[in-house]
>>> print(open('structure31.csv').read())   # CSV, C-alpha atoms
chain,number,residue,atom,x,y,z
A,1,MET,CA,-7.3,50.1,-48.8
A,2,THR,CA,-6.1,46.5,-48.2
A,3,GLU,CA,-6.1,45.6,-44.5
A,4,GLN,CA,-2.6,44.8,-43.2
A,5,ILE,CA,-2.2,41.2,-42.1
A,6,THR,CA,-0.5,40.6,-38.8
A,7,PHE,CA,0.0,37.4,-36.9
A,8,SER,CA,-2.5,38.6,-34.3
A,9,SER,CA,-5.1,38.8,-37.1
A,10,LEU,CA,-4.6,35.2,-38.1
A,11,ASP,CA,-6.8,33.8,-35.3
A,12,LEU,CA,-4.2,31.4,-34.0
A,13,SER,CA,-4.7,29.7,-30.7
A,14,GLN,CA,-3.3,31.4,-27.6
A,15,PRO,CA,-0.3,29.1,-27.1
A,16,VAL,CA,0.7,29.5,-30.7
A,17,GLN,CA,0.3,33.3,-30.5
A,18,GLU,CA,2.6,33.3,-27.4
A,19,ALA,CA,5.2,31.3,-29.4
A,20,VAL,CA,5.0,33.8,-32.3
A,21,ARG,CA,5.7,36.6,-29.9
A,22,GLU,CA,8.7,34.8,-28.4
A,23,LEU,CA,10.0,34.2,-32.0
A,24,GLY,CA,9.8,38.0,-32.5
A,25,PHE,CA,7.5,37.9,-35.5
A,26,GLU,CA,4.9,40.6,-36.1
A,27,GLU,CA,4.0,40.7,-39.8
A,28,PRO,CA,3.8,37.4,-41.8
A,29,THR,CA,5.7,37.1,-45.1
A,30,PRO,CA,3.6,36.6,-48.2
A,31,VAL,CA,3.9,32.8,-48.1
A,32,GLN,CA,3.0,32.8,-44.4
A,33,ALA,CA,0.0,35.1,-45.0
A,34,GLN,CA,-1.4,32.8,-47.6
A,35,ALA,CA,-0.4,29.3,-46.2
A,36,ILE,CA,-1.2,29.7,-42.5
A,37,PRO,CA,-5.0,30.5,-42.8
A,38,VAL,CA,-5.7,27.6,-45.3
A,39,GLY,CA,-3.4,25.3,-43.3
A,40,CYS,CA,-5.4,26.1,-40.2
A,41,GLU,CA,-8.5,25.1,-42.1
A,42,GLY,CA,-7.1,21.7,-42.7
A,43,ARG,CA,-6.5,22.2,-46.5
A,44,ASP,CA,-3.6,20.6,-48.3
A,45,VAL,CA,-1.0,23.2,-49.4
A,46,LEU,CA,1.1,23.2,-52.5
A,47,ALA,CA,3.5,26.2,-52.3
A,48,ALA,CA,6.2,27.4,-54.6
A,49,ALA,CA,8.5,29.7,-52.6
A,50,GLN,CA,12.2,30.3,-52.6
A,51,THR,CA,14.3,29.8,-49.5
A,52,GLY,CA,14.4,32.7,-47.1
A,53,THR,CA,10.6,33.4,-47.5
A,54,GLY,CA,9.6,32.0,-44.2
A,55,LYS,CA,8.3,28.6,-45.2
A,56,THR,CA,9.2,26.9,-41.9
A,57,VAL,CA,6.8,29.0,-40.0
A,58,ALA,CA,4.2,28.7,-42.8
A,59,PHE,CA,3.8,25.0,-42.1
A,60,LEU,CA,4.7,24.8,-38.4
A,61,LEU,CA,2.2,27.3,-37.1
A,62,PRO,CA,-0.9,25.6,-38.7
A,63,ILE,CA,0.3,22.1,-37.5
A,64,PHE,CA,0.8,23.3,-33.9
A,65,ASP,CA,-2.5,25.3,-34.0
A,66,ARG,CA,-4.5,22.3,-35.2
A,67,MET,CA,-2.9,20.0,-32.7
A,68,VAL,CA,-3.7,22.4,-29.9
A,69,ARG,CA,-7.3,22.8,-30.9
A,70,HIS,CA,-7.7,19.1,-31.4
A,71,TRP,CA,-5.9,17.7,-28.3
A,72,GLY,CA,-5.4,20.7,-26.1
A,73,SER,CA,-1.7,20.4,-25.1
A,74,LYS,CA,-1.5,16.7,-24.4
A,75,ARG,CA,-0.8,13.8,-26.6
A,76,PRO,CA,-3.4,11.0,-26.9
A,77,LYS,CA,-2.7,8.5,-24.1
A,78,GLY,CA,-1.0,5.2,-25.0
A,79,ASN,CA,0.3,6.4,-28.4
A,80,LYS,CA,3.9,7.2,-29.1
A,81,GLY,CA,3.3,9.2,-32.3
A,82,PRO,CA,4.6,10.9,-34.3
A,83,TYR,CA,1.5,12.8,-35.3
A,84,ALA,CA,3.4,15.3,-37.6
A,85,LEU,CA,6.2,14.3,-40.0
A,86,ILE,CA,8.4,16.8,-41.7
A,87,LEU,CA,10.9,15.5,-44.3
A,88,THR,CA,13.7,17.8,-45.5
A,89,PRO,CA,16.8,17.1,-47.6
A,90,THR,CA,19.7,18.2,-45.4
A,91,ARG,CA,20.7,17.8,-41.7
A,92,GLU,CA,21.3,21.5,-41.3
A,93,LEU,CA,17.8,22.3,-42.5
A,94,ALA,CA,16.3,19.6,-40.3
A,95,ASN,CA,18.1,21.1,-37.2
A,96,GLN,CA,17.0,24.6,-38.1
A,97,ILE,CA,13.3,23.5,-38.4
A,98,ALA,CA,13.7,21.6,-35.1
A,99,ASP,CA,15.0,24.6,-33.3
A,100,CYS,CA,12.0,26.7,-34.5
A,101,ALA,CA,9.6,23.9,-33.6
A,102,LYS,CA,11.0,23.6,-30.1
A,103,VAL,CA,10.3,27.2,-29.4
A,104,ILE,CA,6.6,26.7,-30.3
A,105,ALA,CA,6.6,23.4,-28.4
A,106,LYS,CA,7.5,25.1,-25.2
A,107,HIS,CA,4.1,26.9,-25.3
A,108,THR,CA,2.2,23.8,-26.2
A,109,ASP,CA,3.9,20.9,-24.3
A,110,PHE,CA,4.1,18.8,-27.5
A,111,ARG,CA,7.4,17.0,-28.0
A,112,VAL,CA,9.7,17.6,-30.9
A,113,MET,CA,12.4,15.2,-32.2
A,114,SER,CA,14.7,15.1,-35.1
A,115,VAL,CA,16.4,12.1,-36.7
A,116,ILE,CA,19.2,12.8,-39.1
A,117,GLY,CA,22.3,11.0,-40.5
A,118,GLY,CA,25.7,11.5,-38.8
A,119,VAL,CA,24.2,10.8,-35.4
A,120,LYS,CA,24.3,7.5,-33.5
A,121,TYR,CA,21.2,5.3,-34.0
A,122,GLU,CA,20.9,4.3,-30.3
A,123,LYS,CA,20.0,7.8,-29.0
A,124,GLN,CA,17.4,8.2,-31.8
A,125,ILE,CA,15.9,4.8,-31.2
A,126,LYS,CA,15.5,5.6,-27.5
A,127,GLY,CA,13.9,8.9,-28.3
A,128,LEU,CA,11.4,7.3,-30.6
A,129,GLU,CA,10.6,4.6,-27.9
A,130,ARG,CA,9.7,7.5,-25.5
A,131,GLY,CA,7.5,9.0,-28.2
A,132,CYS,CA,7.3,12.3,-29.9
A,133,ASP,CA,4.6,14.5,-31.5
A,134,ILE,CA,6.5,16.3,-34.2
A,135,LEU,CA,9.2,14.4,-36.0
A,136,ILE,CA,11.7,16.2,-38.3
A,137,ALA,CA,13.8,13.9,-40.4
A,138,THR,CA,16.1,13.4,-43.4
A,139,PRO,CA,14.7,10.7,-45.6
A,140,GLY,CA,17.6,8.2,-45.6
A,141,ARG,CA,18.0,8.0,-41.8
A,142,LEU,CA,14.2,7.8,-41.2
A,143,GLN,CA,13.8,5.0,-43.8
A,144,ASP,CA,16.5,3.0,-42.0
A,145,LEU,CA,14.7,3.5,-38.7
A,146,VAL,CA,11.3,2.5,-40.2
A,147,ASN,CA,12.9,-0.6,-41.8
A,148,GLN,CA,14.3,-1.6,-38.4
A,149,GLY,CA,10.9,-1.3,-36.8
A,150,ALA,CA,12.0,1.6,-34.6
A,151,CYS,CA,9.6,4.1,-36.0
A,152,HIS,CA,6.0,3.8,-37.2
A,153,LEU,CA,4.2,6.4,-39.2
A,154,ASP,CA,0.6,5.1,-39.1
A,155,LYS,CA,-0.4,7.8,-36.6
A,156,VAL,CA,0.8,10.7,-38.7
A,157,CYS,CA,-1.9,13.3,-39.3
A,158,TYR,CA,0.3,16.1,-40.8
A,159,LEU,CA,2.9,15.4,-43.5
A,160,VAL,CA,5.3,18.1,-44.7
A,161,LEU,CA,7.7,17.7,-47.6
A,162,ASP,CA,10.1,20.7,-47.6
A,163,GLU,CA,12.4,21.5,-50.5
A,164,VAL,CA,10.7,18.8,-52.6
A,165,ASP,CA,12.7,19.7,-55.7
A,166,ARG,CA,16.0,19.4,-53.8
A,167,MET,CA,15.1,16.0,-52.4
A,168,VAL,CA,14.4,14.8,-55.9
A,169,ASP,CA,17.6,16.3,-57.2
A,170,MET,CA,19.6,14.7,-54.4
A,171,GLY,CA,18.2,11.2,-55.2
A,172,PHE,CA,16.0,11.0,-52.1
A,173,TRP,CA,12.7,10.5,-53.9
A,174,PRO,CA,12.6,6.7,-53.6
A,175,SER,CA,13.0,7.0,-49.8
A,176,VAL,CA,10.5,9.9,-49.6
A,177,HIS,CA,8.0,7.9,-51.7
A,178,ALA,CA,8.5,4.8,-49.5
A,179,LEU,CA,8.0,6.9,-46.3
A,180,CYS,CA,4.8,8.5,-47.6
A,181,ARG,CA,3.4,5.1,-48.2
A,182,GLU,CA,3.9,4.3,-44.5
A,183,VAL,CA,1.5,7.3,-43.7
A,184,THR,CA,-1.6,5.2,-44.0
A,185,GLY,CA,-4.2,7.2,-42.1
A,186,PRO,CA,-6.1,10.4,-43.1
A,187,HIS,CA,-3.7,13.3,-43.1
A,188,GLN,CA,-3.1,16.9,-44.2
A,189,THR,CA,-0.2,17.5,-46.5
A,190,PHE,CA,2.1,20.5,-47.1
A,191,LEU,CA,4.4,20.4,-50.1
A,192,PHE,CA,7.0,23.2,-50.4
A,193,SER,CA,9.4,23.7,-53.3
A,194,ALA,CA,11.3,26.5,-55.0
A,195,THR,CA,9.2,25.8,-58.2
A,196,PHE,CA,6.8,23.1,-59.3
A,197,THR,CA,7.7,21.8,-62.8
A,198,PRO,CA,5.4,19.4,-64.7
A,199,ALA,CA,7.7,16.6,-63.9
A,200,LEU,CA,7.7,17.4,-60.2
A,201,GLU,CA,4.0,17.8,-60.1
A,202,ALA,CA,3.7,14.3,-61.7
A,203,LYS,CA,5.7,12.8,-58.9
A,204,THR,CA,3.8,14.6,-56.1
A,205,GLY,CA,0.3,14.8,-57.5
A,206,LEU,CA,-1.0,11.7,-55.7
A,207,LEU,CA,0.3,13.0,-52.4
A,208,VAL,CA,-2.1,15.9,-52.1
A,209,ASN,CA,-5.9,16.1,-52.1
A,210,ASP,CA,-7.5,19.2,-53.7
A,211,PRO,CA,-4.6,21.5,-52.6
A,212,VAL,CA,-4.5,25.2,-52.3
A,213,ARG,CA,-1.8,26.4,-54.7
A,214,ILE,CA,0.4,29.2,-53.5
A,215,GLU,CA,3.0,30.7,-55.9
A,216,ILE,CA,5.4,33.2,-54.3
A,217,SER,CA,8.3,32.6,-56.6
A,218,HIS,CA,8.4,31.9,-60.3
A,219,LYS,CA,10.9,29.8,-62.2
A,220,GLY,CA,14.2,31.7,-62.5
A,221,ASP,CA,13.4,34.4,-60.0
A,222,THR,CA,16.4,35.9,-58.2
A,223,ALA,CA,16.3,38.4,-55.4
A,224,GLU,CA,16.3,42.1,-56.5
A,225,THR,CA,18.5,42.9,-53.6
A,226,VAL,CA,21.4,40.8,-54.9
A,227,GLU,CA,23.8,42.3,-57.4
A,228,GLU,CA,25.3,39.5,-59.6
A,229,PHE,CA,28.8,39.5,-61.1
A,230,LEU,CA,30.9,37.2,-63.3
A,231,ILE,CA,34.6,36.9,-63.1
A,232,PRO,CA,36.1,34.9,-66.0
A,233,VAL,CA,39.3,33.1,-65.0
A,234,SER,CA,41.4,30.2,-66.0
A,235,TRP,CA,41.1,27.1,-63.8
A,236,ASN,CA,44.6,27.2,-62.3
A,237,GLN,CA,44.1,30.8,-61.1
A,238,LYS,CA,40.9,30.2,-59.1
A,239,GLN,CA,42.5,29.9,-55.6
A,240,SER,CA,44.6,33.0,-56.1
A,241,LEU,CA,41.6,34.9,-57.4
A,242,LEU,CA,39.5,33.9,-54.4
A,243,VAL,CA,42.2,35.3,-52.1
A,244,ALA,CA,42.4,38.5,-54.2
A,245,LEU,CA,38.6,39.0,-54.2
A,246,LEU,CA,38.3,38.6,-50.5
A,247,LYS,CA,41.0,41.1,-49.9
A,248,GLU,CA,39.4,43.6,-52.4
A,249,GLN,CA,35.8,43.2,-51.1
A,250,GLY,CA,36.5,42.3,-47.5
A,251,CYS,CA,36.4,38.9,-46.0
A,252,GLU,CA,33.8,39.2,-43.2
A,253,ARG,CA,30.5,37.2,-43.5
A,254,VAL,CA,31.3,35.5,-46.8
A,255,LEU,CA,30.0,32.2,-48.1
A,256,VAL,CA,32.0,30.4,-50.8
A,257,PHE,CA,30.3,27.5,-52.6
A,258,THR,CA,32.4,24.8,-54.3
A,259,PRO,CA,31.2,21.9,-56.4
A,260,THR,CA,33.1,19.2,-54.5
A,261,LYS,CA,34.2,18.3,-50.9
A,262,ILE,CA,37.8,18.1,-51.9
A,263,GLU,CA,37.7,21.7,-53.3
A,264,ALA,CA,35.9,22.9,-50.2
A,265,ASP,CA,38.7,21.7,-48.0
A,266,ALA,CA,41.5,22.9,-50.4
A,267,CYS,CA,40.0,26.4,-50.5
A,268,SER,CA,39.7,26.4,-46.7
A,269,ARG,CA,43.3,25.5,-46.2
A,270,ARG,CA,44.5,28.1,-48.7
A,271,LEU,CA,42.5,30.8,-47.0
A,272,GLU,CA,43.8,29.8,-43.6
A,273,ALA,CA,47.3,30.0,-45.0
A,274,GLU,CA,46.6,33.6,-46.0
A,275,GLY,CA,45.5,34.5,-42.4
A,276,ILE,CA,41.8,34.5,-43.1
A,277,LYS,CA,39.6,32.8,-40.5
A,278,THR,CA,37.7,30.1,-42.3
A,279,ASP,CA,36.2,26.6,-42.1
A,280,SER,CA,34.6,24.2,-44.5
A,281,ILE,CA,31.3,22.3,-44.3
A,282,HIS,CA,30.3,19.3,-46.4
A,283,SER,CA,28.7,15.8,-46.2
A,284,ASP,CA,32.0,14.0,-45.4
A,285,LYS,CA,32.3,15.9,-42.1
A,286,ASN,CA,30.6,14.4,-39.0
A,287,GLN,CA,27.6,16.3,-37.7
A,288,GLY,CA,29.4,17.7,-34.8
A,289,LYS,CA,32.0,19.4,-37.0
A,290,ARG,CA,29.3,20.7,-39.4
A,291,ASN,CA,27.3,22.2,-36.5
A,292,LYS,CA,30.4,23.8,-35.1
A,293,ALA,CA,31.4,25.4,-38.4
A,294,LEU,CA,27.9,26.8,-38.9
A,295,ARG,CA,27.7,28.0,-35.3
A,296,ASP,CA,31.2,29.7,-35.6
A,297,PHE,CA,30.1,31.4,-38.8
A,298,ARG,CA,26.9,32.7,-37.3
A,299,GLU,CA,28.7,33.9,-34.2
A,300,GLY,CA,31.5,35.7,-36.2
A,301,LYS,CA,34.3,33.4,-34.9
A,302,ILE,CA,35.2,32.7,-38.6
A,303,ASP,CA,34.8,35.1,-41.5
A,304,VAL,CA,34.5,32.8,-44.4
A,305,LEU,CA,32.6,29.6,-44.7
A,306,VAL,CA,33.4,27.3,-47.6
A,307,ALA,CA,30.6,24.9,-48.4
A,308,THR,CA,29.2,22.5,-50.9
A,309,ASP,CA,25.4,22.7,-51.8
A,310,VAL,CA,24.6,21.3,-48.4
A,311,LEU,CA,24.2,25.0,-47.4
A,312,ALA,CA,22.4,26.2,-50.5
A,313,ARG,CA,18.9,25.6,-49.3
A,314,GLY,CA,16.9,26.9,-46.5
A,315,ILE,CA,19.7,27.7,-44.0
A,316,ASP,CA,19.0,31.0,-42.3
A,317,ILE,CA,22.2,32.9,-41.8
A,318,ASN,CA,21.8,36.6,-41.2
A,319,GLU,CA,23.9,39.3,-42.8
A,320,VAL,CA,25.9,37.3,-45.4
A,321,ARG,CA,27.7,40.2,-47.2
A,322,TYR,CA,28.3,38.3,-50.4
A,323,VAL,CA,28.4,34.8,-51.9
A,324,VAL,CA,31.2,33.4,-54.1
A,325,ASN,CA,30.6,30.6,-56.6
A,326,TYR,CA,34.0,29.0,-57.0
A,327,THR,CA,32.7,27.5,-60.3
A,328,VAL,CA,29.6,28.1,-62.3
A,329,PRO,CA,26.9,25.8,-61.0
A,330,THR,CA,25.8,23.2,-63.5
A,331,SER,CA,22.2,23.6,-62.3
A,332,PRO,CA,20.5,27.0,-62.8
A,333,GLU,CA,18.3,26.2,-59.8
A,334,ASP,CA,21.4,25.7,-57.6
A,335,TYR,CA,22.7,29.1,-58.7
A,336,VAL,CA,19.5,30.8,-57.6
A,337,HIS,CA,19.5,29.1,-54.2
A,338,ARG,CA,23.2,29.8,-53.6
A,339,ILE,CA,23.0,33.5,-54.2
A,340,GLY,CA,19.8,33.5,-52.1
A,341,ARG,CA,22.0,33.1,-49.1
A,342,THR,CA,22.7,36.9,-49.3
A,343,GLY,CA,20.5,39.9,-49.8
A,344,ARG,CA,18.0,38.6,-47.3
A,345,ALA,CA,15.4,40.5,-45.3
A,346,GLY,CA,15.6,43.5,-47.7
A,347,GLU,CA,19.4,43.9,-47.2
A,348,ALA,CA,21.7,44.4,-50.2
A,349,GLY,CA,23.9,41.5,-51.2
A,350,ARG,CA,26.3,40.5,-53.9
A,351,ALA,CA,27.2,37.3,-55.7
A,352,TYR,CA,30.5,36.7,-57.6
A,353,THR,CA,30.7,33.7,-59.9
A,354,PHE,CA,34.1,32.4,-61.2
A,355,MET,CA,33.9,31.0,-64.8
A,356,SER,CA,36.6,28.9,-66.4
A,357,PRO,CA,36.6,28.5,-70.2
A,358,ASP,CA,34.9,25.1,-70.0
A,359,GLN,CA,31.9,26.5,-68.1
A,360,LEU,CA,30.6,28.9,-70.7
A,361,LEU,CA,27.5,26.8,-71.6
A,362,ASP,CA,26.6,26.4,-67.9
A,363,LEU,CA,26.7,30.2,-67.6
A,364,ARG,CA,24.5,30.6,-70.6
A,365,GLU,CA,21.9,28.2,-69.1
A,366,ILE,CA,21.8,30.2,-65.9
A,367,GLU,CA,21.3,33.5,-67.9
A,368,TYR,CA,18.6,31.9,-70.0
A,369,PHE,CA,16.9,30.7,-66.8
A,370,THR,CA,17.1,34.0,-64.8
A,371,LYS,CA,16.7,36.2,-67.9
A,372,LYS,CA,19.5,38.5,-66.8
A,373,LEU,CA,23.2,38.9,-67.6
A,374,LEU,CA,25.9,38.6,-65.0
A,375,LYS,CA,28.1,41.7,-65.2
A,376,ASN,CA,31.8,41.3,-65.7
A,377,HIS,CA,34.0,42.2,-62.7
A,378,ASP,CA,37.8,42.5,-62.7
A,379,VAL,CA,39.5,42.3,-59.4
A,380,GLU,CA,41.8,45.3,-59.1
A,381,GLY,CA,45.4,44.5,-59.4
A,382,PHE,CA,44.9,40.8,-60.2
A,383,GLU,CA,46.9,39.6,-63.2
A,384,PHE,CA,44.7,37.3,-65.2
A,385,ASP,CA,46.4,35.0,-67.6
A,386,ASP,CA,45.6,34.7,-71.3
A,387,ALA,CA,43.7,31.4,-70.9
A,388,ARG,CA,40.4,33.0,-69.7
A,389,LEU,CA,37.4,33.6,-71.9
A,390,VAL,CA,35.3,36.8,-71.4
A,391,PRO,CA,31.8,36.5,-72.8
A,392,ASP,CA,30.4,39.3,-75.0
A,393,PRO,CA,28.7,41.9,-72.7
A,394,LYS,CA,25.9,42.2,-75.3
A,395,ARG,CA,25.0,38.5,-75.3
A,396,PRO,CA,21.3,37.7,-75.4
A,397,THR,CA,19.4,36.4,-72.4
A,398,LYS,CA,17.0,34.3,-74.6
A,399,LYS,CA,18.0,31.3,-76.6
A,400,ALA,CA,18.2,31.9,-80.4
A,401,ALA,CA,15.9,30.1,-82.7
A,402,ARG,CA,17.5,27.0,-84.2
A,403,ARG,CA,17.4,28.4,-87.7
A,404,GLY,CA,19.7,31.3,-88.4
A,405,ARG,CA,21.2,31.1,-85.0
A,406,ARG,CA,24.4,33.0,-84.8
A,407,PRO,CA,27.3,31.7,-82.7
A,408,LEU,CA,27.9,33.4,-79.4
A,409,ARG,CA,30.7,35.9,-79.7
A,410,ILE,CA,33.5,35.5,-77.2
A,411,GLY,CA,36.5,37.6,-76.6
A,412,ARG,CA,39.8,36.7,-75.0
A,413,ARG,CA,41.6,39.0,-72.5
>>> encode(input="structure31.csv", output="structure tokens")
Amino acid sequence: MTEQITFSSLDLSQPVQEAVRELGFEEPTPVQAQAIPVGCEGRDVLAAAQTGTGKTVAFLLPIFDRMVRHWGSKRPKGNKGPYALILTPTRELANQIADCAKVIAKHTDFRVMSVIGGVKYEKQIKGLERGCDILIATPGRLQDLVNQGACHLDKVCYLVLDEVDRMVDMGFWPSVHALCREVTGPHQTFLFSATFTPALEAKTGLLVNDPVRIEISHKGDTAETVEEFLIPVSWNQKQSLLVALLKEQGCERVLVFTPTKIEADACSRRLEAEGIKTDSIHSDKNQGKRNKALRDFREGKIDVLVATDVLARGIDINEVRYVVNYTVPTSPEDYVHRIGRTGRAGEAGRAYTFMSPDQLLDLREIEYFTKKLLKNHDVEGFEFDDARLVPDPKRPTKKAARRGRRPLRIGRR
């Protein structure tokens, strides 16, 4: 019989164990069970794991544990740090990591700081002048501060790149690469990504030294707890369909993803006009408004949160009943991450994807990627117009060979 792994069996230092108890954790997730022991040994870690698998704790605990064992609970005198640098693609994820780190820091006396866009430079510069031990940052803002001479990374002993694939997709890699070059001393590296493609490994290969590879997720994996549906619709009916779907399925604890900021705001206004408590969140909103929208959704003050992909990765929101894709995502990876916001912690979840006729090929790419079909769903009582395209329910989930390939059958309703 395999011995059950618990946090108490991971031989963490006493202050870190106390923090784990405060966080309420008992049994580590698979990525935590594999990454924490080797991380505590000082090995570089290269981990493929989807959002919602506990990656934050998988790199924070080894870093704090090693710092406690190396320095006790006090920073080296005369140095401002930082000694640990965590880079992540979005402000929301940076704040979430910082919140978790601060709980652990209370038991170790190390100082945690975050620097993100949308916040005034002056406060961040003053914080860096006072010094910090663990710095969580978005790449663009940190590069600005480094270029200004307000932050120096030559003391970094622990480097974390979280959601590496997303940082590449969002165009942050030049900044990430430049920041990594500023980490000039010996250091331990943690790289976390949903998947590691050959192209991504080529970019990151020089950043790690003989890493331990951990693979919790495979390319195209979606959670078994999420039931996935497709709703074909013409473009001009999407807003009306969203209202009808929310009334049919209930509008409490719902995330709606839109491709653009304009559509996020337009959907939010339409839902408010229908008496549904809602707000939108996207990169054009200042950080205070983004934080408030996320907080109100978590606290149940609003029922529906309409967002761009700023919320697709890593954000931990409990009990999201279902997710709505207002359009078919153009990236299969984005689809997987969006629907991963529901069905977490073993709970059942649902995902509904609206498909206009011009998005059929994007749908097929998602189905080839995940190797599963999205089941058609018709909203009861909603009058669809004749412009929508309904894919054949027996369509294949593998691409046909080039020779003899038969065209995809499509029906109109």
>>> closest_atom_pairs(input="structure31.csv", of="segment 145-218 of chain A", to="segment 77-91 of chain A", cutoff="12 Å", atoms="all atoms listed in the file", output="CSV")
residue,atom,partner,partner_atom,distance
A:Ala150,CA,A:Lys80,CA,11.3
A:Cys151,CA,A:Pro82,CA,8.6
A:His152,CA,A:Gly81,CA,7.8
A:Leu153,CA,A:Pro82,CA,6.7
A:Asp154,CA,A:Gly81,CA,8.4
A:Lys155,CA,A:Tyr83,CA,5.5
A:Val156,CA,A:Tyr83,CA,4.1
A:Cys157,CA,A:Tyr83,CA,5.3
A:Tyr158,CA,A:Ala84,CA,4.5
A:Leu159,CA,A:Leu85,CA,4.9
A:Val160,CA,A:Ile86,CA,4.5
A:Leu161,CA,A:Leu87,CA,5.1
A:Asp162,CA,A:Thr88,CA,5.1
A:Glu163,CA,A:Thr88,CA,6.4
A:Val164,CA,A:Thr88,CA,7.8
A:Asp165,CA,A:Pro89,CA,9.4
A:Arg166,CA,A:Pro89,CA,6.7
A:Met167,CA,A:Pro89,CA,5.2
A:Val168,CA,A:Pro89,CA,8.9
A:Asp169,CA,A:Pro89,CA,9.7
A:Met170,CA,A:Pro89,CA,7.7
A:Gly171,CA,A:Pro89,CA,9.7
A:Phe172,CA,A:Pro89,CA,7.6
A:Trp173,CA,A:Pro89,CA,10.0
A:Ser175,CA,A:Leu87,CA,10.3
A:Val176,CA,A:Leu87,CA,7.7
A:His177,CA,A:Leu87,CA,11.0
A:Leu179,CA,A:Leu87,CA,9.3
A:Cys180,CA,A:Leu85,CA,9.7
A:Glu182,CA,A:Leu85,CA,11.2
A:Val183,CA,A:Leu85,CA,9.2
A:Thr184,CA,A:Tyr83,CA,12.0
A:Gly185,CA,A:Tyr83,CA,10.5
A:Pro186,CA,A:Tyr83,CA,11.2
A:His187,CA,A:Ala84,CA,9.2
A:Gln188,CA,A:Ala84,CA,9.4
A:Thr189,CA,A:Leu85,CA,9.7
A:Phe190,CA,A:Ile86,CA,9.1
A:Leu191,CA,A:Ile86,CA,10.0
A:Phe192,CA,A:Thr88,CA,9.9
A:Ser193,CA,A:Thr88,CA,10.7
>>> closest_atom_pairs(input="structure31.csv", of="segment 203-269 of chain A", to="segment 40-55 of chain A", cutoff="7 Å", atoms="only C-alpha atoms", output="CSV")
residue,atom,partner,partner_atom,distance
A:Val208,CA,A:Asp44,CA,6.2
A:Asn209,CA,A:Asp44,CA,6.3
A:Asp210,CA,A:Asp44,CA,6.8
A:Pro211,CA,A:Asp44,CA,4.5
A:Val212,CA,A:Val45,CA,5.0
A:Arg213,CA,A:Leu46,CA,4.8
A:Ile214,CA,A:Ala47,CA,4.5
A:Glu215,CA,A:Ala48,CA,4.8
A:Ile216,CA,A:Ala49,CA,5.0
A:Ser217,CA,A:Ala49,CA,4.9
>>> closest_residue(input="structure31.csv", among="A:Arg181, A:Arg253, A:Lys371, A:Lys394", to="Arg350 of chain A", atoms="all atoms listed in the file")
A:Arg253
>>> residues_near_point(input="structure31.csv", point="(31.6, 21.3, -49.0)", cutoff="6 Å", atoms="all atoms listed in the file", output="list in words")
Lys261, Ala264, Ile281, His282, Ala307 and Thr308 of chain A
>>> closest_residue(input="structure31.csv", among="A:Glu92, A:Gly250, A:Leu305, A:Asp296", to="Glu272 of chain A", atoms="only C-alpha atoms")
A:Leu305
>>> residues_around(input="structure31.csv", residues="segment 2-17 of chain A", least_positions_apart="5", cutoff="7 Å", atoms="only C-alpha atoms", output="ChimeraX atom specification")
/A:26-28,37,61,64-65,104,107-108
>>> residues_around(input="structure31.csv", residues="Pro393 of chain A", least_positions_apart="5", cutoff="9 Å", atoms="all atoms listed in the file", output="ChimeraX atom specification")
/A:373-376
>>> closest_residue(input="structure31.csv", among="A:Leu128, A:Leu230, A:Val103, A:Leu389", to="Gly24 of chain A", atoms="only C-alpha atoms")
A:Val103
>>> residues_near_point(input="structure31.csv", point="(16.2, 3.0, -40.9)", cutoff="12 Å", atoms="all atoms listed in the file", output="ChimeraX atom specification")
/A:115-117,120-122,124-125,137-152,175,178-179
>>> write_last_selection(input="structure31.csv", atoms="C-alpha atoms", output="tab-separated table (two decimals), keeping the file's coordinate frame")
chain	number	residue	atom	x	y	z
A	115	VAL	CA	16.40	12.10	-36.70
A	116	ILE	CA	19.20	12.80	-39.10
A	117	GLY	CA	22.30	11.00	-40.50
A	120	LYS	CA	24.30	7.50	-33.50
A	121	TYR	CA	21.20	5.30	-34.00
A	122	GLU	CA	20.90	4.30	-30.30
A	124	GLN	CA	17.40	8.20	-31.80
A	125	ILE	CA	15.90	4.80	-31.20
A	137	ALA	CA	13.80	13.90	-40.40
A	138	THR	CA	16.10	13.40	-43.40
A	139	PRO	CA	14.70	10.70	-45.60
A	140	GLY	CA	17.60	8.20	-45.60
A	141	ARG	CA	18.00	8.00	-41.80
A	142	LEU	CA	14.20	7.80	-41.20
A	143	GLN	CA	13.80	5.00	-43.80
A	144	ASP	CA	16.50	3.00	-42.00
A	145	LEU	CA	14.70	3.50	-38.70
A	146	VAL	CA	11.30	2.50	-40.20
A	147	ASN	CA	12.90	-0.60	-41.80
A	148	GLN	CA	14.30	-1.60	-38.40
A	149	GLY	CA	10.90	-1.30	-36.80
A	150	ALA	CA	12.00	1.60	-34.60
A	151	CYS	CA	9.60	4.10	-36.00
A	152	HIS	CA	6.00	3.80	-37.20
A	175	SER	CA	13.00	7.00	-49.80
A	178	ALA	CA	8.50	4.80	-49.50
A	179	LEU	CA	8.00	6.90	-46.30
>>> atom_distance(input="structure31.csv", atom1="atom CA of Asp303 of chain A", atom2="atom CA of Ala98 of chain A")
25.9 Å
>>> closest_residue(input="structure31.csv", among="A:Pro232, A:Gly343, A:Ile276, A:Val256", to="Val390 of chain A", atoms="all atoms listed in the file")
A:Pro232
>>> residues_around(input="structure31.csv", residues="Lys277 of chain A", least_positions_apart="5", cutoff="12 Å", atoms="only C-alpha atoms", output="count of residues only")
21
>>> closest_residue(input="structure31.csv", among="A:Glu383, A:Glu248, A:Glu22, A:Glu333", to="Thr197 of chain A", atoms="all atoms listed in the file")
A:Glu333
